[in-house]
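Enquirer: I am attaching a structure below and will ask some questions about it afterwards.
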Amino acid sequence: MIINFKMNVYTYYEDIGFEEQDQLIDLWRSSWEQAGFNPVVLNLHHVKKNPYYSEFKHKLNEIHLAITGKDMDNYCLSCFLRWMAYSTIDEDSMIVCDYDVINSGVSACEFKEFNNERINLITGVCPALAIGTPRQFSELCHTFVDMALSNIDLVREVATTTDNRMGEVYHDQHFF
């Protein structure tokens, strides 16, 4: 008996007003299917399953206000919420990526040898593709808040000197 198993790959999508996002999601889905994966698109419904959701959202806005002087916009918020969406999936270890990461032939077997003791950011410090467990993604959400709040002056200083847009936004990539 042959069992055809496809490894899941997850992305997070929320309509935040960017053009042609539906077409990009379709391209993302198709590229991962062609490489033998089962692509799964998560959304705000998944995020809200995490009991930390309301507090997380409130504290992220508090951090954003402290750094930029204004409320967090939908794009910045969705950058953080994706990690919480991943925390709600019942799977041992999972591949997650942005929906603009198009698979050009990487197979599931190439992802089997990663360290499960920590989140693996496949693209260096840019969190566009990662492997981790739901528990690790949940812990990451708490770390985003705890580290930023306890080091807000340092976060503001580093962020404003390394990114000229920092006066406008703060999102997860600044954290990494």
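Chain labels A, B, ... are given in the sequence in which chains occur in the structure tokens; within each chain residues are numbered consecutively from 1, and ligands are likewise numbered from 1 in the order shown.
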Can you check which parts of stretch 9-97 of chain A lie within 7 Å of stretch 124-145 of chain A? Per residue, the shortest pair of atoms and distance in Å to one decimal, counting only C-alpha atoms, sorted by chain and number, as a Markdown table.
Expert:
| residue | atom | partner | partner_atom | distance |
| --- | --- | --- | --- | --- |
| A:Lys59 | CA | A:Val145 | CA | 6.6 |
| A:Leu60 | CA | A:Val145 | CA | 6.6 |
| A:Trp83 | CA | A:Phe137 | CA | 5.7 |
| A:Met84 | CA | A:Ser138 | CA | 6.1 |
| A:Tyr86 | CA | A:Pro134 | CA | 6.0 |
| A:Ser87 | CA | A:Pro134 | CA | 4.0 |
| A:Thr88 | CA | A:Pro134 | CA | 6.4 |
| A:Ile89 | CA | A:Pro134 | CA | 6.3 |
| A:Asp92 | CA | A:Thr133 | CA | 5.8 |
| A:Ser93 | CA | A:Thr133 | CA | 4.5 |
| A:Met94 | CA | A:Ile131 | CA | 5.5 |
| A:Ile95 | CA | A:Ile131 | CA | 4.6 |
| A:Val96 | CA | A:Ala130 | CA | 5.3 |
| A:Cys97 | CA | A:Leu129 | CA | 4.2 |
Enquirer: Taking only stretch 10-92 of chain A into account, list the residues labelled helix (DSSP H, G or I) by DSSP (computed from the backbone), as a PyMOL selection string.
Expert: chain A and resi 21-34+44-47+53-68+74-86
Enquirer: Could you turn the residues from that selection into a file that holds C-alpha atoms, as a PDB file, in the first residue's frame?
Expert:
ATOM      1  CA  GLN A  21      -2.976  39.921  -3.446  1.00  0.00           C
ATOM      2  CA  ASP A  22      -5.471  37.248  -4.514  1.00  0.00           C
ATOM      3  CA  GLN A  23      -3.417  36.575  -7.641  1.00  0.00           C
ATOM      4  CA  LEU A  24      -0.240  36.383  -5.564  1.00  0.00           C
ATOM      5  CA  ILE A  25      -1.877  33.898  -3.160  1.00  0.00           C
ATOM      6  CA  ASP A  26      -2.907  31.771  -6.167  1.00  0.00           C
ATOM      7  CA  LEU A  27       0.645  31.848  -7.521  1.00  0.00           C
ATOM      8  CA  TRP A  28       2.041  30.977  -4.067  1.00  0.00           C
ATOM      9  CA  ARG A  29      -0.384  28.081  -3.688  1.00  0.00           C
ATOM     10  CA  SER A  30       0.310  26.738  -7.185  1.00  0.00           C
ATOM     11  CA  SER A  31       4.107  26.911  -6.805  1.00  0.00           C
ATOM     12  CA  TRP A  32       4.072  24.975  -3.526  1.00  0.00           C
ATOM     13  CA  GLU A  33       1.590  22.392  -4.845  1.00  0.00           C
ATOM     14  CA  GLN A  34       3.780  21.767  -7.895  1.00  0.00           C
ATOM     15  CA  LEU A  44      -7.313  36.299  11.431  1.00  0.00           C
ATOM     16  CA  HIS A  45      -9.763  33.534  12.397  1.00  0.00           C
ATOM     17  CA  HIS A  46      -6.758  31.354  13.282  1.00  0.00           C
ATOM     18  CA  VAL A  47      -5.014  34.147  15.193  1.00  0.00           C
ATOM     19  CA  TYR A  53      -4.500  37.546  21.036  1.00  0.00           C
ATOM     20  CA  SER A  54      -6.208  40.605  22.596  1.00  0.00           C
ATOM     21  CA  GLU A  55      -3.357  41.356  24.974  1.00  0.00           C
ATOM     22  CA  PHE A  56      -0.791  40.796  22.202  1.00  0.00           C
ATOM     23  CA  LYS A  57      -2.546  43.207  19.856  1.00  0.00           C
ATOM     24  CA  HIS A  58      -2.899  45.852  22.583  1.00  0.00           C
ATOM     25  CA  LYS A  59       0.741  45.607  23.673  1.00  0.00           C
ATOM     26  CA  LEU A  60       2.041  45.690  20.101  1.00  0.00           C
ATOM     27  CA  ASN A  61       0.169  48.935  19.556  1.00  0.00           C
ATOM     28  CA  GLU A  62       1.583  50.282  22.840  1.00  0.00           C
ATOM     29  CA  ILE A  63       5.102  49.459  21.602  1.00  0.00           C
ATOM     30  CA  HIS A  64       4.429  50.998  18.196  1.00  0.00           C
ATOM     31  CA  LEU A  65       3.116  54.170  19.835  1.00  0.00           C
ATOM     32  CA  ALA A  66       6.198  54.418  22.049  1.00  0.00           C
ATOM     33  CA  ILE A  67       8.515  54.051  19.061  1.00  0.00           C
ATOM     34  CA  THR A  68       6.710  55.967  16.318  1.00  0.00           C
ATOM     35  CA  ASN A  74      -2.814  46.996   9.445  1.00  0.00           C
ATOM     36  CA  TYR A  75       0.329  45.979   7.558  1.00  0.00           C
ATOM     37  CA  CYS A  76       2.581  46.204  10.620  1.00  0.00           C
ATOM     38  CA  LEU A  77       0.033  44.397  12.757  1.00  0.00           C
ATOM     39  CA  SER A  78      -0.378  41.582  10.227  1.00  0.00           C
ATOM     40  CA  CYS A  79       3.412  41.080  10.204  1.00  0.00           C
ATOM     41  CA  PHE A  80       3.218  40.177  13.888  1.00  0.00           C
ATOM     42  CA  LEU A  81      -0.129  38.350  13.766  1.00  0.00           C
ATOM     43  CA  ARG A  82       1.154  35.767  11.300  1.00  0.00           C
ATOM     44  CA  TRP A  83       3.359  34.284  14.040  1.00  0.00           C
ATOM     45  CA  MET A  84       0.348  33.956  16.307  1.00  0.00           C
ATOM     46  CA  ALA A  85      -1.630  32.245  13.534  1.00  0.00           C
ATOM     47  CA  TYR A  86       1.162  29.660  13.230  1.00  0.00           C
TER      48      TYR A  86
END
Enquirer: In Å, with one decimal, what is the gap from atom CA of A:Asp153 to atom CA of A:Arg118?
Expert: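 Going from atom CA of A:Asp153 over to atom CA of A:Arg118, I get 27.1 Å.
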